[in-house]
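See below for coords_37.cif, which holds mmCIF, C-alpha atoms and all ligand atoms.
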```cif
data_coords
#
loop_
_atom_site.group_PDB
_atom_site.id
_atom_site.type_symbol
_atom_site.label_atom_id
_atom_site.label_comp_id
_atom_site.auth_asym_id
_atom_site.auth_seq_id
_atom_site.Cartn_x
_atom_site.Cartn_y
_atom_site.Cartn_z
ATOM 1 C CA MET D 1 -3.159 21.066 3.564
ATOM 2 C CA ILE D 2 -4.428 17.619 2.603
ATOM 3 C CA THR D 3 -6.395 15.466 5.034
ATOM 4 C CA LEU D 4 -5.738 11.718 5.030
ATOM 5 C CA TYR D 5 -7.982 9.163 6.746
ATOM 6 C CA HIS D 6 -5.870 6.171 7.654
ATOM 7 C CA CYS D 7 -5.787 2.908 9.597
ATOM 8 C CA ALA D 8 -2.391 1.636 10.708
ATOM 9 C CA ASP D 9 -0.712 -0.471 8.022
ATOM 10 C CA ALA D 10 -3.801 -0.524 5.805
ATOM 11 C CA ARG D 11 -3.676 0.499 2.139
ATOM 12 C CA SER D 12 -3.807 4.150 3.179
ATOM 13 C CA PHE D 13 -0.190 3.597 4.219
ATOM 14 C CA ARG D 14 0.678 4.076 0.530
ATOM 15 C CA ALA D 15 -0.597 7.657 0.706
ATOM 16 C CA LEU D 16 1.140 8.319 4.028
ATOM 17 C CA TRP D 17 4.440 6.957 2.692
ATOM 18 C CA ALA D 18 4.074 9.083 -0.465
ATOM 19 C CA CYS D 19 3.571 12.201 1.689
ATOM 20 C CA HIS D 20 6.829 11.474 3.495
ATOM 21 C CA GLU D 21 8.758 10.743 0.283
ATOM 22 C CA ILE D 22 7.471 14.009 -1.200
ATOM 23 C CA GLY D 23 7.921 16.017 2.015
ATOM 24 C CA LEU D 24 4.287 17.060 2.064
ATOM 25 C CA ASP D 25 2.434 18.339 5.135
ATOM 26 C CA TYR D 26 -0.759 16.471 5.954
ATOM 27 C CA ASP D 27 -3.452 16.243 8.578
ATOM 28 C CA LEU D 28 -3.629 12.562 9.595
ATOM 29 C CA LYS D 29 -6.907 11.154 10.890
ATOM 30 C CA LEU D 30 -6.222 7.756 12.432
ATOM 31 C CA LEU D 31 -9.180 5.405 12.637
ATOM 32 C CA PRO D 32 -9.743 1.970 14.175
ATOM 33 C CA PHE D 33 -10.053 -0.929 11.704
ATOM 34 C CA PRO D 34 -12.503 -1.534 10.178
ATOM 35 C CA PRO D 35 -13.818 2.049 10.405
ATOM 36 C CA ARG D 36 -17.124 1.053 8.745
ATOM 37 C CA PHE D 37 -18.070 -0.750 11.982
ATOM 38 C CA LEU D 38 -15.922 0.921 14.638
ATOM 39 C CA ASP D 39 -16.371 4.581 13.695
ATOM 40 C CA ARG D 40 -19.846 4.984 12.204
ATOM 41 C CA ALA D 41 -19.456 8.762 11.857
ATOM 42 C CA TYR D 42 -16.795 8.066 9.219
ATOM 43 C CA LEU D 43 -19.540 6.945 6.812
ATOM 44 C CA GLU D 44 -20.672 10.555 6.610
ATOM 45 C CA ILE D 45 -17.232 11.495 5.318
ATOM 46 C CA ASN D 46 -16.710 8.461 3.059
ATOM 47 C CA PRO D 47 -19.942 6.527 2.396
ATOM 48 C CA LEU D 48 -17.856 3.582 1.125
ATOM 49 C CA GLY D 49 -16.501 3.210 4.648
ATOM 50 C CA THR D 50 -13.086 2.256 3.298
ATOM 51 C CA ILE D 51 -9.696 3.800 3.762
ATOM 52 C CA PRO D 52 -7.762 5.559 2.421
ATOM 53 C CA PHE D 53 -9.780 8.698 2.009
ATOM 54 C CA LEU D 54 -8.007 11.841 0.919
ATOM 55 C CA ILE D 55 -9.384 15.365 0.878
ATOM 56 C CA ASP D 56 -7.464 18.038 -0.988
ATOM 57 C CA GLY D 57 -9.629 21.119 -1.339
ATOM 58 C CA ASP D 58 -12.540 20.082 -3.535
ATOM 59 C CA ALA D 59 -10.816 16.848 -4.561
ATOM 60 C CA VAL D 60 -11.675 13.593 -2.760
ATOM 61 C CA MET D 61 -10.120 10.193 -3.471
ATOM 62 C CA SER D 62 -10.537 6.640 -2.120
ATOM 63 C CA GLU D 63 -8.087 4.547 -4.189
ATOM 64 C CA SER D 64 -4.612 4.182 -2.716
ATOM 65 C CA ALA D 65 -2.654 3.739 -5.961
ATOM 66 C CA ALA D 66 -4.503 6.647 -7.554
ATOM 67 C CA ILE D 67 -3.710 8.817 -4.522
ATOM 68 C CA VAL D 68 0.009 8.037 -4.859
ATOM 69 C CA GLU D 69 -0.162 8.889 -8.560
ATOM 70 C CA TYR D 70 -2.071 12.132 -7.841
ATOM 71 C CA LEU D 71 0.177 13.365 -5.016
ATOM 72 C CA ILE D 72 3.321 12.684 -7.025
ATOM 73 C CA ALA D 73 1.923 14.228 -10.212
ATOM 74 C CA ARG D 74 1.049 17.390 -8.272
ATOM 75 C CA HIS D 75 4.015 17.728 -5.952
ATOM 76 C CA ALA D 76 7.026 15.702 -7.138
ATOM 77 C CA PRO D 77 6.521 14.738 -10.796
ATOM 78 C CA GLY D 78 10.161 14.848 -11.797
ATOM 79 C CA ARG D 79 11.499 13.209 -8.653
ATOM 80 C CA LEU D 80 9.088 10.345 -7.912
ATOM 81 C CA GLY D 81 6.923 10.129 -11.033
ATOM 82 C CA VAL D 82 7.435 9.334 -14.706
ATOM 83 C CA ALA D 83 6.197 11.723 -17.394
ATOM 84 C CA VAL D 84 3.898 10.469 -20.143
ATOM 85 C CA ASP D 85 6.534 11.163 -22.792
ATOM 86 C CA ASP D 86 9.124 9.087 -20.900
ATOM 87 C CA PRO D 87 9.545 5.561 -22.369
ATOM 88 C CA ALA D 88 9.293 4.182 -18.803
ATOM 89 C CA CYS D 89 5.809 5.655 -18.268
ATOM 90 C CA ALA D 90 3.926 2.483 -19.222
ATOM 91 C CA ALA D 91 6.024 0.389 -16.847
ATOM 92 C CA TYR D 92 5.578 2.993 -14.101
ATOM 93 C CA LEU D 93 1.787 2.978 -14.324
ATOM 94 C CA ASN D 94 1.654 -0.784 -14.716
ATOM 95 C CA TRP D 95 3.681 -1.402 -11.549
ATOM 96 C CA LEU D 96 1.731 1.283 -9.677
ATOM 97 C CA HIS D 97 -1.531 -0.541 -10.362
ATOM 98 C CA PHE D 98 -0.032 -4.041 -10.196
ATOM 99 C CA GLY D 99 0.826 -3.316 -6.557
ATOM 100 C CA GLU D 100 -2.835 -2.897 -5.683
ATOM 101 C CA ALA D 101 -4.861 -4.888 -8.206
ATOM 102 C CA THR D 102 -2.614 -7.953 -8.497
ATOM 103 C CA LEU D 103 -0.535 -8.066 -5.303
ATOM 104 C CA THR D 104 -2.840 -6.622 -2.641
ATOM 105 C CA PHE D 105 -6.245 -7.952 -3.596
ATOM 106 C CA PRO D 106 -5.422 -11.667 -3.039
ATOM 107 C CA GLN D 107 -3.937 -10.828 0.340
ATOM 108 C CA THR D 108 -7.191 -9.268 1.494
ATOM 109 C CA LEU D 109 -8.796 -12.714 1.269
ATOM 110 C CA VAL D 110 -6.004 -14.115 3.425
ATOM 111 C CA LEU D 111 -6.491 -11.256 5.897
ATOM 112 C CA ARG D 112 -10.226 -11.727 5.989
ATOM 113 C CA TYR D 113 -10.327 -15.491 6.438
ATOM 114 C CA THR D 114 -7.295 -15.935 8.698
ATOM 115 C CA ARG D 115 -7.413 -12.771 10.863
ATOM 116 C CA LEU D 116 -10.800 -11.070 10.748
ATOM 117 C CA GLU D 117 -13.208 -13.992 10.273
ATOM 118 C CA PRO D 118 -11.223 -17.158 11.082
ATOM 119 C CA ASP D 119 -14.335 -19.069 12.147
ATOM 120 C CA ARG D 120 -16.028 -18.881 8.749
ATOM 121 C CA GLY D 121 -14.310 -22.092 7.623
ATOM 122 C CA PHE D 122 -12.708 -20.583 4.525
ATOM 123 C CA ASP D 123 -9.159 -21.741 5.312
ATOM 124 C CA ALA D 124 -8.870 -23.298 1.845
ATOM 125 C CA VAL D 125 -9.765 -19.978 0.203
ATOM 126 C CA ALA D 126 -7.107 -18.220 2.282
ATOM 127 C CA ALA D 127 -4.519 -20.859 1.373
ATOM 128 C CA ASP D 128 -5.416 -20.631 -2.343
ATOM 129 C CA TYR D 129 -5.046 -16.866 -2.394
ATOM 130 C CA ALA D 130 -1.794 -16.968 -0.428
ATOM 131 C CA ARG D 131 -0.463 -19.229 -3.193
ATOM 132 C CA TRP D 132 -1.980 -16.937 -5.843
ATOM 133 C CA PHE D 133 -0.117 -13.994 -4.286
ATOM 134 C CA HIS D 134 3.214 -15.846 -4.237
ATOM 135 C CA VAL D 135 2.885 -16.881 -7.874
ATOM 136 C CA ARG D 136 2.090 -13.296 -8.974
ATOM 137 C CA LEU D 137 4.994 -12.026 -6.867
ATOM 138 C CA ARG D 138 7.410 -13.880 -9.158
ATOM 139 C CA HIS D 139 6.864 -11.019 -11.595
ATOM 140 C CA VAL D 140 8.737 -8.752 -9.160
ATOM 141 C CA GLU D 141 11.562 -11.285 -8.792
ATOM 142 C CA ARG D 142 11.947 -11.466 -12.592
ATOM 143 C CA ALA D 143 12.043 -7.667 -12.878
ATOM 144 C CA LEU D 144 14.851 -7.455 -10.310
ATOM 145 C CA ALA D 145 16.946 -10.140 -12.001
ATOM 146 C CA ASP D 146 19.117 -7.607 -13.867
ATOM 147 C CA GLY D 147 20.417 -6.215 -10.571
ATOM 148 C CA ARG D 148 18.259 -3.108 -10.423
ATOM 149 C CA ASP D 149 17.552 -1.529 -7.039
ATOM 150 C CA TRP D 150 14.030 -0.315 -7.833
ATOM 151 C CA LEU D 151 11.298 -1.411 -10.202
ATOM 152 C CA LEU D 152 12.260 1.157 -12.812
ATOM 153 C CA GLY D 153 16.010 0.742 -12.425
ATOM 154 C CA ASP D 154 18.021 3.189 -10.389
ATOM 155 C CA ARG D 155 15.157 5.633 -9.749
ATOM 156 C CA PHE D 156 12.777 5.106 -6.829
ATOM 157 C CA THR D 157 9.215 6.017 -7.889
ATOM 158 C CA GLY D 158 5.622 5.825 -6.749
ATOM 159 C CA ALA D 159 5.546 2.346 -8.272
ATOM 160 C CA ASP D 160 7.887 1.181 -5.495
ATOM 161 C CA ILE D 161 5.527 2.659 -2.896
ATOM 162 C CA SER D 162 2.604 0.753 -4.359
ATOM 163 C CA VAL D 163 4.394 -2.595 -4.630
ATOM 164 C CA GLY D 164 6.284 -1.917 -1.384
ATOM 165 C CA TYR D 165 3.006 -1.632 0.509
ATOM 166 C CA ALA D 166 1.965 -5.055 -0.823
ATOM 167 C CA LEU D 167 5.212 -6.444 0.608
ATOM 168 C CA LEU D 168 4.538 -4.776 3.974
ATOM 169 C CA LEU D 169 1.097 -6.354 4.068
ATOM 170 C CA ALA D 170 2.649 -9.713 3.191
ATOM 171 C CA ARG D 171 5.028 -9.336 6.117
ATOM 172 C CA ASN D 172 2.154 -8.545 8.458
ATOM 173 C CA LEU D 173 0.266 -11.604 7.214
ATOM 174 C CA LYS D 174 3.408 -13.722 7.518
ATOM 175 C CA LEU D 175 3.424 -14.397 3.786
ATOM 176 C CA ASP D 176 7.006 -13.160 3.488
ATOM 177 C CA ASP D 177 8.267 -16.732 3.781
ATOM 178 C CA GLY D 178 7.398 -16.850 0.073
ATOM 179 C CA PHE D 179 9.651 -13.914 -0.877
ATOM 180 C CA GLU D 180 12.352 -15.066 -3.292
ATOM 181 C CA PRO D 181 15.904 -13.734 -2.650
ATOM 182 C CA LEU D 182 15.845 -10.624 -4.864
ATOM 183 C CA THR D 183 12.379 -9.692 -3.602
ATOM 184 C CA ALA D 184 13.529 -10.140 0.004
ATOM 185 C CA ALA D 185 16.516 -7.858 -0.644
ATOM 186 C CA TYR D 186 14.256 -5.337 -2.409
ATOM 187 C CA TRP D 187 11.978 -5.349 0.654
ATOM 188 C CA GLN D 188 14.993 -4.632 2.886
ATOM 189 C CA ARG D 189 15.884 -1.618 0.734
ATOM 190 C CA LEU D 190 12.310 -0.321 0.869
ATOM 191 C CA ALA D 191 12.018 -0.794 4.619
ATOM 192 C CA ALA D 192 15.275 1.094 5.206
ATOM 193 C CA ARG D 193 14.102 4.249 3.440
ATOM 194 C CA PRO D 194 13.843 7.208 5.844
ATOM 195 C CA ALA D 195 10.426 8.170 4.446
ATOM 196 C CA TYR D 196 9.095 4.639 4.984
ATOM 197 C CA LEU D 197 10.361 4.653 8.577
ATOM 198 C CA ALA D 198 8.938 8.138 9.217
ATOM 199 C CA ALA D 199 5.538 7.062 7.875
ATOM 200 C CA ARG D 200 5.548 3.955 10.092
ATOM 201 C CA ALA D 201 6.407 6.166 13.078
ATOM 202 C CA ALA D 202 3.669 8.675 12.220
ATOM 203 C CA GLN D 203 0.954 6.053 12.652
ATOM 204 C CA GLN D 204 2.271 4.655 15.940
ATOM 205 C CA ASP D 205 -0.068 6.562 18.236
ATOM 206 C CA GLY D 206 -3.276 5.451 16.541
ATOM 207 C CA PRO D 207 -5.460 2.368 16.970
ATOM 208 C CA ARG D 208 -3.676 -0.705 15.573
ATOM 209 C CA ASP D 209 -6.297 -3.453 15.877
ATOM 210 C CA TRP D 210 -5.312 -6.016 13.250
ATOM 211 C CA ALA D 211 -1.946 -4.618 12.284
ATOM 212 C CA VAL D 212 1.112 -6.539 13.409
ATOM 213 C CA ALA D 213 3.971 -4.376 14.613
ATOM 214 C CA THR D 214 7.163 -5.096 12.699
HETATM 215 N N1 LIG V 1 -8.727 -0.508 -3.913
HETATM 216 C C1 LIG V 1 -8.858 0.297 -2.721
HETATM 217 C C2 LIG V 1 -9.308 -0.610 -1.585
HETATM 218 C C3 LIG V 1 -9.719 0.169 -0.340
HETATM 219 C C4 LIG V 1 -10.073 -0.805 0.782
HETATM 220 O O1 LIG V 1 -10.851 -1.769 0.593
HETATM 221 N N2 LIG V 1 -9.469 -0.587 1.973
HETATM 222 C C5 LIG V 1 -9.646 -1.514 3.066
HETATM 223 C C6 LIG V 1 -8.468 -1.460 4.020
HETATM 224 S S1 LIG V 1 -6.926 -1.874 3.363
HETATM 225 C C7 LIG V 1 -10.845 -1.149 3.920
HETATM 226 O O2 LIG V 1 -11.124 0.024 4.081
HETATM 227 N N3 LIG V 1 -11.488 -2.158 4.505
HETATM 228 C C8 LIG V 1 -12.479 -1.947 5.482
HETATM 229 C C9 LIG V 1 -13.876 -2.228 5.000
HETATM 230 O O3 LIG V 1 -14.057 -2.652 3.845
HETATM 231 O O4 LIG V 1 -14.771 -2.014 5.800
HETATM 232 C C10 LIG V 1 -7.515 0.977 -2.426
HETATM 233 O O5 LIG V 1 -6.503 0.597 -3.025
HETATM 234 O O6 LIG V 1 -7.463 1.923 -1.655
#
```
What does the file become when written as structure tokens?
Amino acid sequence: MITLYHCADARSFRALWACHEIGLDYDLKLLPFPPRFLDRAYLEINPLGTIPFLIDGDAVMSESAAIVEYLIARHAPGRLGVAVDDPACAAYLNWLHFGEATLTFPQTLVLRYTRLEPDRGFDAVAADYARWFHVRLRHVERALADGRDWLLGDRFTGADISVGYALLLARNLKLDDGFEPLTAAYWQRLAARPAYLAARAAQQDGPRDWAVAT
């Protein structure tokens, strides 16, 4: 069984959500946020101090989008993944990584300077990166303009988990006022998925620190 180190609503939620979409058993280790400071013993498990951290036998991973890709490739390739010889593979991988590298990174500056370290005086940085996030998010709105339900059309994939987590974080940071209509409707579809709801429920008993219950 895999072991997943997780903080409520942090990027490790991507891995937790993927487990529920796949129907995979897991051992969930819930940590307070940020674990680097609040659970020093965690550094012996993951010297980076970040979450997620996944252990699967001899395999260890610390990148949330890569974990989604790995779990799907191993356990649900035909159902939630896209094969390399499928014409949609490039779009699949691009969205999977876009969710983290382009849509989540700017939000971490907003989180840091509005929630974790509000007294640092970096309000302008937070405001700039909130705007940066909203401008990049237009790429999702454009993709949905043909009426598709999911990023790759009518099939829900790991790419939706990756981008969907960025939308969850945006909600928690109250950046969802910048969701355009198709993105807002896409978020509603994501948030209604049984696996999403089960993953949210699975983390309820742990420390929530910065996370905002929605
Ligand atoms: N690119 C990595 C980022 C991992 C990361 O920085 N996670 C954050 C939480 S969302 C963290 O652990 N922050 C606490 C810290 O840096 O001490 C991923 O996608 O998993």
- What does the distance from CA of Thr104 (chain D) to CA of Leu190 (chain D) come to in Å, to one decimal?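 Between CA of Thr104 (chain D) and CA of Leu190 (chain D) the gap is 16.8 Å.
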- Task: Compute the set of protein, DNA and RNA residues whose minimum atom distance to ligand LIG 1 (chain V) is at most 8 Å, using all atoms listed in the file, and state it as a VMD selection string.
- Result: chain D and resid 7 9 to 12 33 to 37 48 to 52 62 to 66 100 to 101 105 108
- Task: Might you spell out which residues the PyMOL selection byres (((chain D and resi 184) around 12) and not hetatm) would select in the displayed file, as an MDAnalysis selection string?
- Result: chainID D and resid 137:138 140:141 144 149 164 167:168 170:171 175:183 185:191
If you take every atom of region 170-178 of chain D that the file lists and fit an axis-aligned box around them with 3 Å extra on each side, what centre and edge lengths come out in Å to one decimal, as lines of an AutoDock Vina configuration file?
```
center_x = 4.3
center_y = -12.7
center_z = 4.3
size_x = 14.0
size_y = 14.3
size_z = 14.4
```
- Message: Here is a test: counting all atoms listed in the file, which residue of D:Arg193, D:Arg155, D:Arg131, D:His139 is nearest to Leu109 (chain D)?
- Response: D:Arg131
- Tell me, in Å to one decimal, how far CA of Asn94 (chain D) is from CA of Glu21 (chain D). 20.2 Å
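Taking CA of Ala143 (chain D) and CA of Ala76 (chain D) as endpoints, the distance between them is 24.6 Å.
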- Message: Around the point (3.1, 2.5, -9.3) (coordinates from the file), which residues reach within 8 Å if we count only C-alpha atoms? Answer as a VMD selection string.
- Response: chain D and resid 65 68 to 69 92 to 99 157 to 163
- Item | Minimum-distance residue to Leu31 (chain D), chosen among D:Gly153, D:Gly121, D:Gly206, D:Gly78 (using all atoms listed in the file) | D:Gly206
- Message: Applying the PyMOL selection byres (((chain D and resi 4) around 9) and not hetatm) to the file I just gave you, which residues come out? Please list them as a PyMOL selection string.
- Response: chain D and resi 2-3+5-6+12+15-16+26-30+51-56
Can you write just those residues out, C-alpha atoms, as a tab-separated table (two decimals), keeping the file's coordinate frame?
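Result went into again_12.tsv, see below:
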```tsv
chain	number	residue	atom	x	y	z
D	2	ILE	CA	-4.43	17.62	2.60
D	3	THR	CA	-6.40	15.47	5.03
D	5	TYR	CA	-7.98	9.16	6.75
D	6	HIS	CA	-5.87	6.17	7.65
D	12	SER	CA	-3.81	4.15	3.18
D	15	ALA	CA	-0.60	7.66	0.71
D	16	LEU	CA	1.14	8.32	4.03
D	26	TYR	CA	-0.76	16.47	5.95
D	27	ASP	CA	-3.45	16.24	8.58
D	28	LEU	CA	-3.63	12.56	9.60
D	29	LYS	CA	-6.91	11.15	10.89
D	30	LEU	CA	-6.22	7.76	12.43
D	51	ILE	CA	-9.70	3.80	3.76
D	52	PRO	CA	-7.76	5.56	2.42
D	53	PHE	CA	-9.78	8.70	2.01
D	54	LEU	CA	-8.01	11.84	0.92
D	55	ILE	CA	-9.38	15.36	0.88
D	56	ASP	CA	-7.46	18.04	-0.99
```
- Query: the PyMOL selection byres (((chain D and resi 200) around 10) and not hetatm) on the file shown: which residues, as a VMD selection string?
  - Reply: chain D and resid 8 to 9 13 16 to 17 191 194 to 199 201 to 204 213 to 214
- Message: I need the residue nearest Ala73 (chain D) from this list: D:Leu152, D:Leu116, D:Met61, D:Ile22. Use all atoms listed in the file for the distance.
- Response: D:Ile22
- So which one's closest to Arg136 (chain D), D:Arg112, D:Pro118, D:Leu103, D:Asp154? Using all atoms listed in the file, please. D:Leu103
Would you pull region 99-121 of chain D out of the block just shown and save N, CA and C atoms as a PDB file, in the first residue's frame?
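New file decode-v9.pdb:
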```
ATOM      1  N   GLY D  99      -1.079  22.955 -14.532  1.00  0.00           N
ATOM      2  CA  GLY D  99      -1.802  23.096 -13.269  1.00  0.00           C
ATOM      3  C   GLY D  99      -0.881  23.459 -12.118  1.00  0.00           C
ATOM      4  N   GLU D 100       0.300  22.867 -12.103  1.00  0.00           N
ATOM      5  CA  GLU D 100       1.245  23.169 -11.021  1.00  0.00           C
ATOM      6  C   GLU D 100       2.142  24.362 -11.369  1.00  0.00           C
ATOM      7  N   ALA D 101       2.868  24.250 -12.478  1.00  0.00           N
ATOM      8  CA  ALA D 101       3.915  25.236 -12.762  1.00  0.00           C
ATOM      9  C   ALA D 101       3.347  26.619 -13.070  1.00  0.00           C
ATOM     10  N   THR D 102       2.227  26.678 -13.781  1.00  0.00           N
ATOM     11  CA  THR D 102       1.706  27.988 -14.197  1.00  0.00           C
ATOM     12  C   THR D 102       0.574  28.475 -13.300  1.00  0.00           C
ATOM     13  N   LEU D 103      -0.297  27.572 -12.848  1.00  0.00           N
ATOM     14  CA  LEU D 103      -1.460  28.041 -12.073  1.00  0.00           C
ATOM     15  C   LEU D 103      -1.291  27.984 -10.557  1.00  0.00           C
ATOM     16  N   THR D 104      -0.400  27.142 -10.059  1.00  0.00           N
ATOM     17  CA  THR D 104      -0.266  27.041  -8.601  1.00  0.00           C
ATOM     18  C   THR D 104       0.868  27.918  -8.085  1.00  0.00           C
ATOM     19  N   PHE D 105       1.971  27.935  -8.802  1.00  0.00           N
ATOM     20  CA  PHE D 105       3.111  28.708  -8.306  1.00  0.00           C
ATOM     21  C   PHE D 105       2.758  30.168  -7.962  1.00  0.00           C
ATOM     22  N   PRO D 106       2.103  30.921  -8.846  1.00  0.00           N
ATOM     23  CA  PRO D 106       1.817  32.324  -8.484  1.00  0.00           C
ATOM     24  C   PRO D 106       0.946  32.434  -7.239  1.00  0.00           C
ATOM     25  N   GLN D 107       0.085  31.461  -7.039  1.00  0.00           N
ATOM     26  CA  GLN D 107      -0.794  31.515  -5.865  1.00  0.00           C
ATOM     27  C   GLN D 107      -0.021  31.310  -4.564  1.00  0.00           C
ATOM     28  N   THR D 108       1.114  30.633  -4.642  1.00  0.00           N
ATOM     29  CA  THR D 108       1.870  30.424  -3.402  1.00  0.00           C
ATOM     30  C   THR D 108       2.439  31.750  -2.878  1.00  0.00           C
ATOM     31  N   LEU D 109       2.672  32.694  -3.788  1.00  0.00           N
ATOM     32  CA  LEU D 109       3.129  34.018  -3.340  1.00  0.00           C
ATOM     33  C   LEU D 109       1.983  34.765  -2.666  1.00  0.00           C
ATOM     34  N   VAL D 110       0.783  34.588  -3.203  1.00  0.00           N
ATOM     35  CA  VAL D 110      -0.394  35.200  -2.571  1.00  0.00           C
ATOM     36  C   VAL D 110      -0.600  34.591  -1.186  1.00  0.00           C
ATOM     37  N   LEU D 111      -0.516  33.254  -1.116  1.00  0.00           N
ATOM     38  CA  LEU D 111      -0.669  32.569   0.172  1.00  0.00           C
ATOM     39  C   LEU D 111       0.369  33.066   1.178  1.00  0.00           C
ATOM     40  N   ARG D 112       1.599  33.125   0.724  1.00  0.00           N
ATOM     41  CA  ARG D 112       2.676  33.487   1.641  1.00  0.00           C
ATOM     42  C   ARG D 112       2.504  34.902   2.186  1.00  0.00           C
ATOM     43  N   TYR D 113       2.238  35.854   1.280  1.00  0.00           N
ATOM     44  CA  TYR D 113       2.265  37.255   1.714  1.00  0.00           C
ATOM     45  C   TYR D 113       0.912  37.802   2.176  1.00  0.00           C
ATOM     46  N   THR D 114      -0.162  37.007   2.013  1.00  0.00           N
ATOM     47  CA  THR D 114      -1.436  37.467   2.583  1.00  0.00           C
ATOM     48  C   THR D 114      -1.849  36.634   3.794  1.00  0.00           C
ATOM     49  N   ARG D 115      -1.433  35.352   3.845  1.00  0.00           N
ATOM     50  CA  ARG D 115      -1.901  34.473   4.933  1.00  0.00           C
ATOM     51  C   ARG D 115      -0.805  34.120   5.922  1.00  0.00           C
ATOM     52  N   LEU D 116       0.372  33.714   5.395  1.00  0.00           N
ATOM     53  CA  LEU D 116       1.394  33.183   6.297  1.00  0.00           C
ATOM     54  C   LEU D 116       2.292  34.278   6.873  1.00  0.00           C
ATOM     55  N   GLU D 117       2.617  35.282   6.042  1.00  0.00           N
ATOM     56  CA  GLU D 117       3.532  36.338   6.489  1.00  0.00           C
ATOM     57  C   GLU D 117       2.965  37.708   6.096  1.00  0.00           C
ATOM     58  N   PRO D 118       1.768  38.042   6.597  1.00  0.00           N
ATOM     59  CA  PRO D 118       1.122  39.287   6.154  1.00  0.00           C
ATOM     60  C   PRO D 118       1.855  40.550   6.606  1.00  0.00           C
ATOM     61  N   ASP D 119       2.709  40.414   7.620  1.00  0.00           N
ATOM     62  CA  ASP D 119       3.389  41.614   8.132  1.00  0.00           C
ATOM     63  C   ASP D 119       4.692  41.940   7.404  1.00  0.00           C
ATOM     64  N   ARG D 120       5.031  41.183   6.387  1.00  0.00           N
ATOM     65  CA  ARG D 120       6.288  41.430   5.680  1.00  0.00           C
ATOM     66  C   ARG D 120       6.221  42.668   4.786  1.00  0.00           C
ATOM     67  N   GLY D 121       5.007  43.136   4.494  1.00  0.00           N
ATOM     68  CA  GLY D 121       4.876  44.342   3.665  1.00  0.00           C
ATOM     69  C   GLY D 121       4.974  44.061   2.176  1.00  0.00           C
TER      70      GLY D 121
END
```
